[in-house]
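J.: The structure follows.
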Amino acid sequence: MRDDVEIRFATTVARVEDGADGVSVTLSDGSTERVDLLVGADGLHSGVRAAVIGAERDLRVDLGLVVAAFPLDDAPASVPDASGTTFIGPGRTAAVINMGSERSSAFFTYRCADPDAELARGAADALAAAFGDLGGGVPDALRQLAANPSAAYFDSVSQIVADRWSSGRVVLLGDAAWCVTLFAGYGATLAMTGADRLGTALEDVADVGVTAALDRWEAALRPTITKRQAAARAGVRQYAPPTQAHVWLTDMTMRAMLIPAVRRLVEKQLHRANR
């Protein structure tokens, strides 16, 4: 791979000029490139998407939550080795995983009226306010976060809903195009599947042209993306139940899964849903 692809770190796309026979790209370091096809796989806050498809504010759908994840340098003392502890309450979830020093991690998500305001507070302050009343491994995780706030991934839980994933010779891929969110799962799978199908679609580009090839790729993939985005919106209740009644219902459902007949029925339904 290193012999075939040039990798540039800390470099982003600053400007895109799409033409009939190629794309001119200006990078943040001032250099320029002329390419046959520009693939924007630069995530939820895609600069390529903003330059070609539309502003993020017009395409991003916030689900009313924020999420944080960060590594723990010190293993949480109150969580047994090689295990984790999870708290799920109305509107929030906290999980702390103990896999030893420099291998442990913490995950938090919670509902909020104004995700942008929460993000402006910063992860350490916002999470302390939302989870400071919990015990277990949470206080230790928050202490480590306060000592190193920049270690956290802290962002809104959002989807990207765009009418098109391509324009001319520029195409979006993965979270830049559709971002199903972590609540849906399948993020990496969809990105890799999208890339594989894109490569297949471009094998016919000499016969049908770039635009037609990208149209075919999108038409085949979009139903799956639509389905996964809908699943994510429904999945919010699992990670941030609206009420205590929802918490109780989820708990009872998990307990019911221990019953063999129930488990087989659920597995059968999941198999059908994922075909």
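Letters for chains follow the order of the structure tokens (A, B, ...), residue numbers begin at 1 for each chain, and ligand numbers begin at 1 in the order shown.
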I need the residues of region 78-255 of chain A that end up classed as strand (DSSP E) by DSSP on the backbone, written out as a PyMOL selection string.

T.: chain A and resi 83-89+92-98+104-111+153-160+166-167+170-172

J.: Create the file for the chosen residues now, containing N, CA, C and O atoms and written as a compact mmCIF listing (two decimals), in the first residue's frame.

T.:
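Writing the result to part.txt gives the following:
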```txt
# COMPACT_ATOMS: atom_id res chain seq x y z
N SER A 83 -13.05 -6.87 32.77
CA SER A 83 -14.51 -6.78 32.79
C SER A 83 -14.93 -5.32 32.62
O SER A 83 -14.09 -4.42 32.53
N GLY A 84 -16.23 -5.11 32.60
CA GLY A 84 -16.75 -3.75 32.46
C GLY A 84 -17.99 -3.58 33.30
O GLY A 84 -18.61 -4.56 33.74
N THR A 85 -18.34 -2.34 33.53
CA THR A 85 -19.57 -2.04 34.24
C THR A 85 -20.36 -1.02 33.44
O THR A 85 -19.77 -0.09 32.85
N THR A 86 -21.67 -1.19 33.38
CA THR A 86 -22.52 -0.31 32.59
C THR A 86 -23.70 0.16 33.41
O THR A 86 -24.34 -0.64 34.09
N PHE A 87 -23.96 1.45 33.34
CA PHE A 87 -25.15 2.03 33.96
C PHE A 87 -26.04 2.55 32.85
O PHE A 87 -25.59 3.30 31.98
N ILE A 88 -27.31 2.16 32.85
CA ILE A 88 -28.29 2.68 31.89
C ILE A 88 -29.46 3.23 32.69
O ILE A 88 -30.13 2.49 33.42
N GLY A 89 -29.68 4.52 32.60
CA GLY A 89 -30.77 5.16 33.30
C GLY A 89 -31.54 6.05 32.36
O GLY A 89 -31.19 6.18 31.17
N ARG A 92 -29.62 8.42 29.71
CA ARG A 92 -28.16 8.38 29.73
C ARG A 92 -27.63 6.96 29.91
O ARG A 92 -28.31 6.08 30.44
N THR A 93 -26.39 6.77 29.45
CA THR A 93 -25.66 5.52 29.63
C THR A 93 -24.20 5.84 29.93
O THR A 93 -23.62 6.75 29.34
N ALA A 94 -23.63 5.10 30.86
CA ALA A 94 -22.20 5.20 31.17
C ALA A 94 -21.62 3.81 31.21
O ALA A 94 -22.22 2.89 31.78
N ALA A 95 -20.46 3.61 30.61
CA ALA A 95 -19.80 2.31 30.60
C ALA A 95 -18.30 2.51 30.83
O ALA A 95 -17.69 3.39 30.22
N VAL A 96 -17.74 1.70 31.70
CA VAL A 96 -16.30 1.75 31.98
C VAL A 96 -15.75 0.34 31.83
O VAL A 96 -16.25 -0.61 32.43
N ILE A 97 -14.71 0.20 31.00
CA ILE A 97 -14.13 -1.10 30.68
C ILE A 97 -12.72 -1.18 31.25
O ILE A 97 -11.89 -0.28 31.01
N ASN A 98 -12.43 -2.23 32.02
CA ASN A 98 -11.12 -2.43 32.62
C ASN A 98 -10.39 -3.56 31.90
O ASN A 98 -10.67 -4.73 32.13
N SER A 104 -7.68 0.43 29.06
CA SER A 104 -9.05 0.59 29.51
C SER A 104 -9.69 1.80 28.84
O SER A 104 -9.00 2.65 28.26
N SER A 105 -11.01 1.89 28.93
CA SER A 105 -11.71 2.98 28.25
C SER A 105 -13.05 3.26 28.92
O SER A 105 -13.52 2.48 29.75
N ALA A 106 -13.62 4.40 28.55
CA ALA A 106 -14.92 4.81 29.09
C ALA A 106 -15.79 5.33 27.95
O ALA A 106 -15.28 5.91 26.98
N PHE A 107 -17.08 5.13 28.11
CA PHE A 107 -18.05 5.56 27.10
C PHE A 107 -19.24 6.20 27.81
O PHE A 107 -19.74 5.65 28.80
N PHE A 108 -19.68 7.34 27.31
CA PHE A 108 -20.82 8.05 27.89
C PHE A 108 -21.71 8.58 26.76
O PHE A 108 -21.21 9.06 25.74
N THR A 109 -23.00 8.54 26.97
CA THR A 109 -23.92 9.23 26.07
C THR A 109 -25.13 9.67 26.86
O THR A 109 -25.52 9.02 27.84
N TYR A 110 -25.71 10.80 26.48
CA TYR A 110 -26.89 11.29 27.20
C TYR A 110 -27.69 12.24 26.32
O TYR A 110 -27.18 12.86 25.40
N ARG A 111 -28.99 12.30 26.63
CA ARG A 111 -29.89 13.20 25.94
C ARG A 111 -29.66 14.62 26.42
O ARG A 111 -29.34 14.86 27.59
N TYR A 153 -13.05 11.85 22.65
CA TYR A 153 -13.89 12.11 21.49
C TYR A 153 -15.24 12.57 22.05
O TYR A 153 -15.88 11.83 22.80
N PHE A 154 -15.66 13.75 21.71
CA PHE A 154 -16.89 14.33 22.28
C PHE A 154 -17.62 15.03 21.16
O PHE A 154 -17.13 16.02 20.60
N ASP A 155 -18.81 14.53 20.81
CA ASP A 155 -19.51 15.09 19.65
C ASP A 155 -21.00 14.82 19.78
O ASP A 155 -21.45 14.02 20.62
N SER A 156 -21.77 15.48 18.94
CA SER A 156 -23.21 15.22 18.88
C SER A 156 -23.45 13.89 18.18
O SER A 156 -22.62 13.43 17.38
N VAL A 157 -24.57 13.26 18.48
CA VAL A 157 -24.98 12.05 17.77
C VAL A 157 -25.85 12.52 16.61
O VAL A 157 -26.97 12.98 16.80
N SER A 158 -25.31 12.42 15.41
CA SER A 158 -25.96 13.01 14.24
C SER A 158 -25.87 12.09 13.04
O SER A 158 -24.95 11.28 12.93
N GLN A 159 -26.82 12.25 12.15
CA GLN A 159 -26.80 11.57 10.87
C GLN A 159 -26.65 12.60 9.76
O GLN A 159 -26.98 13.77 9.94
N ILE A 160 -26.14 12.13 8.63
CA ILE A 160 -26.10 12.97 7.44
C ILE A 160 -27.15 12.45 6.47
O ILE A 160 -27.17 11.27 6.11
N SER A 166 -23.00 12.28 -4.65
CA SER A 166 -21.97 12.62 -5.63
C SER A 166 -22.39 13.84 -6.42
O SER A 166 -23.58 14.18 -6.50
N SER A 167 -21.41 14.48 -7.00
CA SER A 167 -21.64 15.61 -7.90
C SER A 167 -20.49 15.63 -8.90
O SER A 167 -19.33 15.80 -8.52
N VAL A 170 -16.96 14.06 -8.11
CA VAL A 170 -16.71 14.03 -6.67
C VAL A 170 -17.76 13.14 -6.02
O VAL A 170 -18.97 13.29 -6.29
N VAL A 171 -17.34 12.21 -5.18
CA VAL A 171 -18.27 11.29 -4.54
C VAL A 171 -17.92 11.18 -3.05
O VAL A 171 -16.75 11.22 -2.66
N LEU A 172 -18.94 11.07 -2.22
CA LEU A 172 -18.76 10.91 -0.78
C LEU A 172 -18.90 9.44 -0.40
O LEU A 172 -19.62 8.68 -1.05
```

J.: Could you pull the residues within 9 Å of region 173-175 of chain A, counting only C-alpha atoms, minus those fewer than 6 positions along the same chain, as a VMD selection string?

T.: chain A and resid 39 to 46 159 to 160 165 181 187 to 188 190 to 192 194 to 195 198

J.: Going by DSSP on the backbone, which bits of region 12-230 of chain A are helix (DSSP H, G or I)? Write them as a PyMOL selection string, please.

T.: chain A and resi 47-52+56-59+115-121+123-131+138-147+149-151+174-176+187-202+205-208+210-230

J.: Determine, counting only C-alpha atoms, which protein, DNA and RNA residues have an atom within 7 Å of an atom of region 118-133 of chain A; residues of the same chain fewer than 5 positions away are not included. Present the result as a PDB file with C-alpha atoms, in the first residue's frame.

T.:
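Generated output (around36.pdb):
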```pdb
ATOM      1  CA  PRO A 139     -15.759   8.859  39.266  1.00  0.00           C
ATOM      2  CA  LEU A 142     -14.173  11.445  35.150  1.00  0.00           C
ATOM      3  CA  LEU A 145     -10.769  12.928  31.897  1.00  0.00           C
ATOM      4  CA  ALA A 146     -10.412  16.116  33.934  1.00  0.00           C
ATOM      5  CA  PRO A 149      -9.674  16.614  28.509  1.00  0.00           C
ATOM      6  CA  ALA A 152     -11.900  12.498  24.652  1.00  0.00           C
ATOM      7  CA  PHE A 154     -16.890  14.326  22.277  1.00  0.00           C
ATOM      8  CA  ASP A 155     -19.509  15.086  19.654  1.00  0.00           C
TER       9      ASP A 155
END
```

J.: Need the shell around Gln229 (chain A): protein/DNA/RNA residues with any atom at most 12 Å away, counting only C-alpha atoms. Skip same-chain ones fewer than 3 positions apart. Format as a list in words?

T.: Val61, Leu63, Val157, Ser158, Gln159, Ile160, Val161, Asp175, Trp178, Cys179, Val180, Thr181, Leu182, Phe183, Ala184, Gly185, Tyr186, Gly187, Leu190, Arg222, Pro223, Thr224, Ile225, Thr226, Ala232, Arg233, Ala234, Gly235 and Val236 of chain A

J.: Could you jot down the CA of Arg228 (chain A) to CA of Asp58 (chain A) separation for me, Å, one decimal place?

T.: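 Taking CA of Arg228 (chain A) as the start and CA of Asp58 (chain A) as the end point, the length is 20.6 Å.
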